[in-house]
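Participant: Contents of entry.pdb (PDB, C-alpha atoms, pLDDT in the B column) are given next:
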ATOM      1  CA  MET M   1     103.447  47.340 231.091  1.00 52.00           C
ATOM      2  CA  ALA M   2     100.807  49.735 232.401  1.00 55.00           C
ATOM      3  CA  ARG M   3      97.323  49.104 231.106  1.00 59.00           C
ATOM      4  CA  ALA M   4      96.197  51.812 228.716  1.00 58.00           C
ATOM      5  CA  ARG M   5      92.603  52.894 228.571  1.00 88.00           C
ATOM      6  CA  ILE M   6      90.609  54.829 226.014  1.00 92.00           C
ATOM      7  CA  ASN M   7      87.832  56.931 227.475  1.00 93.00           C
ATOM      8  CA  ASN M   8      85.112  58.593 225.475  1.00 95.00           C
ATOM      9  CA  GLN M   9      82.641  61.441 225.824  1.00 96.00           C
ATOM     10  CA  ILE M  10      79.908  59.971 223.651  1.00 96.00           C
ATOM     11  CA  ARG M  11      77.174  60.179 226.282  1.00 96.00           C
ATOM     12  CA  ARG M  12      77.939  63.854 227.022  1.00 96.00           C
ATOM     13  CA  LEU M  13      78.216  64.729 223.322  1.00 96.00           C
ATOM     14  CA  ARG M  14      74.862  63.087 222.617  1.00 97.00           C
ATOM     15  CA  PHE M  15      73.380  65.192 225.395  1.00 95.00           C
ATOM     16  CA  ASP M  16      75.016  68.342 223.968  1.00 95.00           C
ATOM     17  CA  HIS M  17      73.569  67.573 220.550  1.00 94.00           C
ATOM     18  CA  GLY M  18      69.953  67.847 221.613  1.00 93.00           C
ATOM     19  CA  GLU M  19      69.814  64.499 223.422  1.00 93.00           C
ATOM     20  CA  MET M  20      70.654  62.620 220.247  1.00 95.00           C
ATOM     21  CA  THR M  21      69.442  59.038 220.543  1.00 95.00           C
ATOM     22  CA  GLN M  22      71.799  56.075 220.425  1.00 95.00           C
ATOM     23  CA  GLU M  23      69.886  54.863 217.378  1.00 92.00           C
ATOM     24  CA  GLU M  24      70.457  58.142 215.551  1.00 94.00           C
ATOM     25  CA  LEU M  25      74.149  58.168 216.368  1.00 96.00           C
ATOM     26  CA  ALA M  26      74.433  54.545 215.277  1.00 94.00           C
ATOM     27  CA  ASN M  27      72.787  55.389 211.948  1.00 92.00           C
ATOM     28  CA  ARG M  28      75.089  58.356 211.422  1.00 93.00           C
ATOM     29  CA  ALA M  29      78.217  56.381 212.308  1.00 95.00           C
ATOM     30  CA  GLY M  30      77.146  53.260 210.410  1.00 93.00           C
ATOM     31  CA  CYS M  31      77.144  50.872 213.326  1.00 94.00           C
ATOM     32  CA  THR M  32      74.578  49.149 215.531  1.00 92.00           C
ATOM     33  CA  ARG M  33      72.938  50.661 218.611  1.00 92.00           C
ATOM     34  CA  GLN M  34      74.481  47.856 220.675  1.00 93.00           C
ATOM     35  CA  THR M  35      77.926  49.097 219.666  1.00 95.00           C
ATOM     36  CA  ILE M  36      77.082  52.620 220.862  1.00 96.00           C
ATOM     37  CA  ILE M  37      75.847  51.156 224.168  1.00 96.00           C
ATOM     38  CA  ALA M  38      79.068  49.129 224.520  1.00 95.00           C
ATOM     39  CA  LEU M  39      81.155  52.226 223.751  1.00 95.00           C
ATOM     40  CA  GLU M  40      79.335  54.359 226.305  1.00 95.00           C
ATOM     41  CA  GLN M  41      79.819  51.684 228.939  1.00 94.00           C
ATOM     42  CA  GLY M  42      83.520  51.466 228.095  1.00 92.00           C
ATOM     43  CA  LYS M  43      83.247  47.808 227.166  1.00 93.00           C
ATOM     44  CA  TYR M  44      84.431  48.219 223.596  1.00 94.00           C
ATOM     45  CA  VAL M  45      87.180  50.267 221.947  1.00 94.00           C
ATOM     46  CA  PRO M  46      86.309  51.181 218.352  1.00 95.00           C
ATOM     47  CA  SER M  47      88.527  51.024 215.297  1.00 95.00           C
ATOM     48  CA  ILE M  48      90.093  54.240 214.063  1.00 96.00           C
ATOM     49  CA  GLU M  49      87.548  54.326 211.236  1.00 96.00           C
ATOM     50  CA  LEU M  50      84.534  54.077 213.533  1.00 96.00           C
ATOM     51  CA  ALA M  51      86.097  56.581 215.925  1.00 96.00           C
ATOM     52  CA  PHE M  52      86.412  59.080 213.070  1.00 97.00           C
ATOM     53  CA  LYS M  53      82.837  58.418 211.960  1.00 96.00           C
ATOM     54  CA  ILE M  54      81.537  59.053 215.481  1.00 97.00           C
ATOM     55  CA  ALA M  55      83.576  62.234 215.782  1.00 97.00           C
ATOM     56  CA  ARG M  56      82.249  63.346 212.391  1.00 96.00           C
ATOM     57  CA  ALA M  57      78.682  62.578 213.484  1.00 96.00           C
ATOM     58  CA  PHE M  58      79.178  65.114 216.286  1.00 96.00           C
ATOM     59  CA  SER M  59      81.181  67.501 214.025  1.00 95.00           C
ATOM     60  CA  VAL M  60      84.068  67.546 216.500  1.00 96.00           C
ATOM     61  CA  SER M  61      87.671  66.368 216.448  1.00 96.00           C
ATOM     62  CA  LEU M  62      88.664  62.840 217.396  1.00 96.00           C
ATOM     63  CA  GLU M  63      90.328  64.010 220.610  1.00 95.00           C
ATOM     64  CA  GLU M  64      87.132  65.616 221.787  1.00 95.00           C
ATOM     65  CA  VAL M  65      85.411  62.257 221.672  1.00 96.00           C
ATOM     66  CA  PHE M  66      88.173  59.835 222.643  1.00 96.00           C
ATOM     67  CA  GLN M  67      90.946  60.312 225.173  1.00 95.00           C
ATOM     68  CA  TYR M  68      93.916  58.024 225.647  1.00 92.00           C
ATOM     69  CA  GLU M  69      94.974  57.502 229.245  1.00 85.00           C
ATOM     70  CA  GLU M  70      97.954  55.489 230.398  1.00 77.00           C
TER      71      GLU M  70
ATOM     72  CA  MET Q   1      62.381  46.261 206.100  1.00 80.00           C
ATOM     73  CA  SER Q   2      63.409  46.284 209.740  1.00 81.00           C
ATOM     74  CA  PHE Q   3      65.697  43.701 211.278  1.00 80.00           C
ATOM     75  CA  LYS Q   4      62.841  42.513 213.499  1.00 84.00           C
ATOM     76  CA  THR Q   5      60.683  41.706 210.438  1.00 89.00           C
ATOM     77  CA  PHE Q   6      63.618  39.901 208.868  1.00 88.00           C
ATOM     78  CA  THR Q   7      64.082  37.846 212.053  1.00 90.00           C
ATOM     79  CA  VAL Q   8      60.412  36.788 211.959  1.00 93.00           C
ATOM     80  CA  ILE Q   9      60.727  35.811 208.282  1.00 94.00           C
ATOM     81  CA  LYS Q  10      63.925  33.931 209.070  1.00 93.00           C
ATOM     82  CA  ILE Q  11      62.198  31.925 211.802  1.00 95.00           C
ATOM     83  CA  PHE Q  12      59.331  31.027 209.436  1.00 94.00           C
ATOM     84  CA  VAL Q  13      61.714  29.974 206.668  1.00 94.00           C
ATOM     85  CA  VAL Q  14      63.741  27.822 209.078  1.00 94.00           C
ATOM     86  CA  ILE Q  15      60.558  26.178 210.435  1.00 95.00           C
ATOM     87  CA  ILE Q  16      59.324  25.400 206.910  1.00 94.00           C
ATOM     88  CA  MET Q  17      62.753  24.119 205.895  1.00 93.00           C
ATOM     89  CA  ALA Q  18      63.023  21.929 209.006  1.00 93.00           C
ATOM     90  CA  GLY Q  19      59.540  20.527 208.323  1.00 93.00           C
ATOM     91  CA  LEU Q  20      60.367  19.709 204.714  1.00 92.00           C
ATOM     92  CA  VAL Q  21      63.723  18.150 205.612  1.00 91.00           C
ATOM     93  CA  GLY Q  22      62.073  16.121 208.381  1.00 92.00           C
ATOM     94  CA  TRP Q  23      59.378  14.940 206.004  1.00 91.00           C
ATOM     95  CA  ALA Q  24      62.030  14.029 203.395  1.00 90.00           C
ATOM     96  CA  VAL Q  25      64.005  12.015 205.936  1.00 88.00           C
ATOM     97  CA  VAL Q  26      60.890  10.175 207.149  1.00 90.00           C
ATOM     98  CA  SER Q  27      59.784   9.409 203.593  1.00 89.00           C
ATOM     99  CA  GLY Q  28      63.280   8.210 202.754  1.00 87.00           C
ATOM    100  CA  ASN Q  29      63.957  10.781 200.039  1.00 85.00           C
ATOM    101  CA  ALA Q  30      67.506  11.939 200.570  1.00 81.00           C
ATOM    102  CA  LEU Q  31      67.608  14.343 197.614  1.00 85.00           C
ATOM    103  CA  ILE Q  32      64.933  16.768 198.828  1.00 87.00           C
ATOM    104  CA  PRO Q  33      66.918  18.388 201.690  1.00 89.00           C
ATOM    105  CA  ILE Q  34      69.591  19.757 199.342  1.00 90.00           C
ATOM    106  CA  PRO Q  35      67.331  21.913 197.076  1.00 91.00           C
ATOM    107  CA  VAL Q  36      65.226  22.871 200.127  1.00 92.00           C
ATOM    108  CA  ALA Q  37      68.298  24.115 201.996  1.00 91.00           C
ATOM    109  CA  LEU Q  38      69.541  25.973 198.919  1.00 93.00           C
ATOM    110  CA  ALA Q  39      66.114  27.559 198.348  1.00 94.00           C
ATOM    111  CA  ALA Q  40      65.940  28.645 201.993  1.00 93.00           C
ATOM    112  CA  LEU Q  41      69.411  30.141 201.711  1.00 93.00           C
ATOM    113  CA  VAL Q  42      68.489  32.102 198.572  1.00 95.00           C
ATOM    114  CA  ILE Q  43      65.200  33.322 200.100  1.00 93.00           C
ATOM    115  CA  LEU Q  44      66.981  34.474 203.263  1.00 92.00           C
ATOM    116  CA  LEU Q  45      69.698  36.219 201.253  1.00 91.00           C
ATOM    117  CA  LEU Q  46      67.064  38.046 199.186  1.00 91.00           C
ATOM    118  CA  PHE Q  47      65.189  39.180 202.289  1.00 90.00           C
ATOM    119  CA  ARG Q  48      68.486  40.090 203.972  1.00 87.00           C
ATOM    120  CA  ARG Q  49      69.158  42.573 201.178  1.00 87.00           C
ATOM    121  CA  GLY Q  50      65.922  44.343 202.040  1.00 85.00           C
ATOM    122  CA  VAL Q  51      67.101  45.151 205.565  1.00 84.00           C
ATOM    123  CA  LYS Q  52      68.171  48.777 205.524  1.00 80.00           C
ATOM    124  CA  GLU Q  53      69.484  49.212 209.067  1.00 79.00           C
ATOM    125  CA  VAL Q  54      72.993  48.182 210.058  1.00 80.00           C
ATOM    126  CA  VAL Q  55      72.839  44.656 211.416  1.00 79.00           C
ATOM    127  CA  VAL Q  56      76.480  43.619 211.485  1.00 86.00           C
ATOM    128  CA  ASP Q  57      79.307  45.974 212.319  1.00 90.00           C
ATOM    129  CA  GLU Q  58      82.949  45.823 213.397  1.00 94.00           C
ATOM    130  CA  ARG Q  59      82.062  44.886 216.996  1.00 95.00           C
ATOM    131  CA  ILE Q  60      80.160  41.823 215.774  1.00 94.00           C
ATOM    132  CA  TYR Q  61      83.108  40.861 213.549  1.00 95.00           C
ATOM    133  CA  SER Q  62      85.473  41.376 216.471  1.00 95.00           C
ATOM    134  CA  ILE Q  63      83.358  39.098 218.675  1.00 96.00           C
ATOM    135  CA  ALA Q  64      83.187  36.520 215.876  1.00 96.00           C
ATOM    136  CA  GLU Q  65      86.981  36.633 215.459  1.00 95.00           C
ATOM    137  CA  LYS Q  66      87.543  36.028 219.164  1.00 96.00           C
ATOM    138  CA  ALA Q  67      84.970  33.232 219.240  1.00 97.00           C
ATOM    139  CA  SER Q  68      86.599  31.633 216.165  1.00 95.00           C
ATOM    140  CA  LEU Q  69      90.005  31.727 217.819  1.00 95.00           C
ATOM    141  CA  VAL Q  70      88.672  30.115 220.990  1.00 97.00           C
ATOM    142  CA  ALA Q  71      86.799  27.455 218.967  1.00 96.00           C
ATOM    143  CA  PHE Q  72      89.939  26.783 216.886  1.00 94.00           C
ATOM    144  CA  ARG Q  73      92.128  26.369 219.956  1.00 94.00           C
ATOM    145  CA  VAL Q  74      89.658  24.260 221.905  1.00 96.00           C
ATOM    146  CA  PHE Q  75      88.875  21.999 218.957  1.00 94.00           C
ATOM    147  CA  GLY Q  76      92.534  21.740 217.912  1.00 94.00           C
ATOM    148  CA  ILE Q  77      93.802  20.742 221.329  1.00 95.00           C
ATOM    149  CA  ALA Q  78      90.833  18.501 222.204  1.00 96.00           C
ATOM    150  CA  ALA Q  79      90.823  16.712 218.848  1.00 95.00           C
ATOM    151  CA  ALA Q  80      94.603  16.204 218.944  1.00 94.00           C
ATOM    152  CA  VAL Q  81      94.512  14.740 222.451  1.00 96.00           C
ATOM    153  CA  ILE Q  82      91.428  12.579 221.805  1.00 95.00           C
ATOM    154  CA  GLY Q  83      92.790  11.503 218.404  1.00 95.00           C
ATOM    155  CA  ALA Q  84      96.139  10.429 219.863  1.00 94.00           C
ATOM    156  CA  THR Q  85      94.372   8.615 222.723  1.00 94.00           C
ATOM    157  CA  LEU Q  86      92.072   6.760 220.332  1.00 94.00           C
ATOM    158  CA  VAL Q  87      94.982   5.746 218.096  1.00 93.00           C
ATOM    159  CA  ALA Q  88      96.881   4.445 221.125  1.00 92.00           C
ATOM    160  CA  LEU Q  89      93.788   2.634 222.389  1.00 91.00           C
ATOM    161  CA  GLY Q  90      93.152   1.252 218.917  1.00 89.00           C
ATOM    162  CA  GLN Q  91      96.627  -0.258 218.709  1.00 87.00           C
ATOM    163  CA  GLU Q  92      96.542  -1.747 222.185  1.00 83.00           C
ATOM    164  CA  VAL Q  93      92.946  -2.374 223.315  1.00 86.00           C
ATOM    165  CA  VAL Q  94      90.075  -1.610 220.905  1.00 87.00           C
ATOM    166  CA  PRO Q  95      91.059  -1.843 217.201  1.00 87.00           C
ATOM    167  CA  GLU Q  96      87.806  -0.108 216.106  1.00 89.00           C
ATOM    168  CA  MET Q  97      88.982   3.126 217.716  1.00 90.00           C
ATOM    169  CA  GLU Q  98      92.041   3.470 215.507  1.00 92.00           C
ATOM    170  CA  PRO Q  99      90.355   4.811 212.319  1.00 93.00           C
ATOM    171  CA  ILE Q 100      88.351   7.309 214.412  1.00 94.00           C
ATOM    172  CA  GLY Q 101      91.571   8.465 216.060  1.00 94.00           C
ATOM    173  CA  PHE Q 102      93.315   8.832 212.703  1.00 94.00           C
ATOM    174  CA  THR Q 103      90.331  10.737 211.284  1.00 94.00           C
ATOM    175  CA  LEU Q 104      90.438  13.180 214.180  1.00 94.00           C
ATOM    176  CA  SER Q 105      94.207  13.542 213.899  1.00 95.00           C
ATOM    177  CA  TYR Q 106      94.027  14.204 210.159  1.00 95.00           C
ATOM    178  CA  ALA Q 107      91.235  16.726 210.778  1.00 95.00           C
ATOM    179  CA  VAL Q 108      93.539  18.588 213.169  1.00 95.00           C
ATOM    180  CA  CYS Q 109      96.347  18.477 210.595  1.00 95.00           C
ATOM    181  CA  GLY Q 110      93.976  19.833 207.930  1.00 95.00           C
ATOM    182  CA  LEU Q 111      92.869  22.592 210.266  1.00 94.00           C
ATOM    183  CA  MET Q 112      96.488  23.548 210.972  1.00 94.00           C
ATOM    184  CA  VAL Q 113      97.252  23.643 207.239  1.00 97.00           C
ATOM    185  CA  ILE Q 114      94.235  25.902 206.574  1.00 96.00           C
ATOM    186  CA  TYR Q 115      95.279  28.128 209.481  1.00 95.00           C
ATOM    187  CA  TYR Q 116      98.862  28.344 208.188  1.00 96.00           C
ATOM    188  CA  ILE Q 117      97.709  29.220 204.647  1.00 97.00           C
ATOM    189  CA  ALA Q 118      95.256  31.844 205.929  1.00 95.00           C
ATOM    190  CA  TYR Q 119      97.879  33.263 208.306  1.00 95.00           C
ATOM    191  CA  THR Q 120     100.457  33.524 205.509  1.00 95.00           C
ATOM    192  CA  CYS Q 121      97.961  35.210 203.171  1.00 95.00           C
ATOM    193  CA  TYR Q 122      96.894  37.763 205.775  1.00 93.00           C
ATOM    194  CA  LYS Q 123     100.510  38.363 206.802  1.00 94.00           C
ATOM    195  CA  ARG Q 124     101.363  39.199 203.211  1.00 93.00           C
ATOM    196  CA  LYS Q 125      98.248  41.343 202.828  1.00 93.00           C
ATOM    197  CA  TYR Q 126      98.950  43.411 205.923  1.00 91.00           C
ATOM    198  CA  SER Q 127     102.728  43.481 205.601  1.00 90.00           C
ATOM    199  CA  GLY Q 128     104.516  46.733 204.815  1.00 80.00           C
ATOM    200  CA  LYS Q 129     107.087  45.021 202.597  1.00 68.00           C
ATOM    201  CA  LYS Q 130     106.875  45.198 198.803  1.00 62.00           C
TER     202      LYS Q 130
END
Taking this structure as input, can you express it in the form of structure tokens?
Facilitator:
Amino acid sequence: MARARINNQIRRLRFDHGEMTQEELANRAGCTRQTIIALEQGKYVPSIELAFKIARAFSVSLEEVFQYEE
Amino acid sequence: MSFKTFTVIKIFVVIIMAGLVGWAVVSGNALIPIPVALAALVILLLFRRGVKEVVVDERIYSIAEKASLVAFRVFGIAAAVIGATLVALGQEVVPEMEPIGFTLSYAVCGLMVIYYIAYTCYKRKYSGKK
């Protein structure tokens, strides 16, 4: 089975939102800054709930933040 | 309160608790460590409530789950093998090893029972059937 990968645009979206800090995003999404760092580095795939919270923090749809690639 | 402040308080509480427990052991009073440990636990829980920032999130839980699974597997296999070896040694060579081997083996059995119960409960909880 081919390995699936979930990419994200968190770093770019933070930049687009006035260089939002990782701390601020973490507070808005209700997670730790270390989780945001892990997400940006592609080391961690979030739950659906956290993915929605992050998308909501940027006021964009889920697909604009996370992309599924096979 | 920030998490950093809480960490400093936690270190102080642990140092005080360790000192008191050490003193109790040296003075031969075995009852002191229990209330000291409970008091430290309550103090830490009270201070923990004061921390406003998110300290534990799903990533931490995910890491803890994976670590628990690894610990469970390693302990289960190691204890089963060592337990069986000690029982065999106890019956053939060193009789003192036998109760230790049985203790380890029963611990593994207990662990498996707890795992099975927890697995069944979670399977029911997350099952789609009514």
Participant: Out of M:Arg12, M:His17, M:Arg5, M:Arg28, which residue has the shortest atom-to-atom distance to chain Q when counting all atoms listed in the file?
Facilitator: M:Arg28
Participant: Just how far from CA of Cys31 in chain M is CA of Ile63 in chain Q, in Å to one decimal?
Facilitator: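 Those two atoms sit 14.3 Å apart.
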Participant: Using the chain letters and numbers from the file, give me the residues hit by the PyMOL selection byres ((chain M) within 8 of (chain Q)), as a list in words.
Facilitator: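 So the PyMOL selection byres ((chain M) within 8 of (chain Q)), applied here, picks out Asn27, Gly30, Cys31, Thr32, Thr35, Tyr44, Pro46 and Ser47 of chain M.
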Participant: Using 4 Å of padding on each side, determine the axis-aligned box around all atoms of range 94-98 of chain Q present in the file and give its centre and edge lengths in Å to one decimal, as AutoDock Vina command-line options.
Facilitator:
--center_x 89.9 --center_y 0.8 --center_z 218.2 --size_x 12.2 --size_y 13.3 --size_z 13.4
Participant: Report, in Å with one decimal, the straight-line distance from CA of Tyr116 in chain Q to CA of Ala84 in chain Q.
Facilitator: 21.6 Å
Participant: Could you check which of M:Arg33, M:Arg14, M:Ala26, M:Lys43 is closest to Phe58 in chain M, using all atoms listed in the file?
Facilitator: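 Selected residue with least distance to Phe58 in chain M: M:Arg14.
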Participant: Can you tell me which residues surround Arg56 in chain M at a distance of at most 10 Å, considering all atoms listed in the file, apart from same-chain residues fewer than 6 positions away, and format the answer as number ranges by chain?
Facilitator: M: 28-29, 50, 62, 65
Participant: Would you save range 35-60 of chain M to a file, keeping N, CA and C atoms, as a compact mmCIF listing (two decimals), in the first residue's frame?
Facilitator:
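Wrote result-v9.txt, looks like this:
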# COMPACT_ATOMS: atom_id res chain seq x y z
N THR M 35 3.35 21.40 19.70
CA THR M 35 2.52 20.70 18.71
C THR M 35 2.50 21.47 17.39
N ILE M 36 2.42 22.79 17.48
CA ILE M 36 2.45 23.61 16.25
C ILE M 36 3.80 23.42 15.54
N ILE M 37 4.87 23.40 16.31
CA ILE M 37 6.21 23.20 15.73
C ILE M 37 6.26 21.83 15.03
N ALA M 38 5.76 20.80 15.71
CA ALA M 38 5.76 19.45 15.14
C ALA M 38 4.92 19.39 13.87
N LEU M 39 3.80 20.10 13.87
CA LEU M 39 2.93 20.13 12.68
C LEU M 39 3.64 20.81 11.51
N GLU M 40 4.26 21.94 11.79
CA GLU M 40 4.95 22.68 10.72
C GLU M 40 6.11 21.87 10.13
N GLN M 41 6.73 21.07 10.96
CA GLN M 41 7.85 20.26 10.48
C GLN M 41 7.38 18.94 9.87
N GLY M 42 6.07 18.72 9.87
CA GLY M 42 5.51 17.51 9.29
C GLY M 42 5.78 16.26 10.10
N LYS M 43 6.06 16.44 11.38
CA LYS M 43 6.37 15.28 12.23
C LYS M 43 5.14 14.73 12.92
N TYR M 44 4.06 15.47 12.87
CA TYR M 44 2.85 15.03 13.58
C TYR M 44 1.62 15.35 12.73
N VAL M 45 0.69 14.40 12.68
CA VAL M 45 -0.57 14.60 11.97
C VAL M 45 -1.66 14.79 13.02
N PRO M 46 -2.38 15.91 12.98
CA PRO M 46 -3.34 16.18 14.06
C PRO M 46 -4.62 15.37 13.92
N SER M 47 -5.40 15.36 14.98
CA SER M 47 -6.73 14.75 14.93
C SER M 47 -7.63 15.66 14.10
N ILE M 48 -8.76 15.14 13.72
CA ILE M 48 -9.72 15.93 12.94
C ILE M 48 -10.13 17.17 13.75
N GLU M 49 -10.32 16.98 15.05
CA GLU M 49 -10.76 18.09 15.90
C GLU M 49 -9.73 19.23 15.91
N LEU M 50 -8.46 18.85 16.12
CA LEU M 50 -7.42 19.89 16.15
C LEU M 50 -7.26 20.52 14.77
N ALA M 51 -7.40 19.71 13.73
CA ALA M 51 -7.29 20.25 12.37
C ALA M 51 -8.37 21.32 12.14
N PHE M 52 -9.58 21.02 12.59
CA PHE M 52 -10.68 22.00 12.44
C PHE M 52 -10.40 23.26 13.26
N LYS M 53 -9.88 23.07 14.46
CA LYS M 53 -9.58 24.23 15.32
C LYS M 53 -8.52 25.13 14.68
N ILE M 54 -7.51 24.50 14.06
CA ILE M 54 -6.45 25.28 13.41
C ILE M 54 -7.03 26.02 12.21
N ALA M 55 -7.84 25.31 11.43
CA ALA M 55 -8.46 25.96 10.27
C ALA M 55 -9.34 27.13 10.72
N ARG M 56 -10.06 26.93 11.81
CA ARG M 56 -10.93 27.99 12.34
C ARG M 56 -10.11 29.17 12.86
N ALA M 57 -8.94 28.87 13.42
CA ALA M 57 -8.06 29.95 13.92
C ALA M 57 -7.62 30.85 12.78
N PHE M 58 -7.50 30.28 11.58
CA PHE M 58 -7.12 31.07 10.40
C PHE M 58 -8.35 31.55 9.61
N SER M 59 -9.53 31.14 10.04
CA SER M 59 -10.80 31.46 9.34
C SER M 59 -10.76 30.98 7.89
N VAL M 60 -10.27 29.78 7.68
CA VAL M 60 -10.25 29.18 6.34
C VAL M 60 -10.82 27.76 6.44
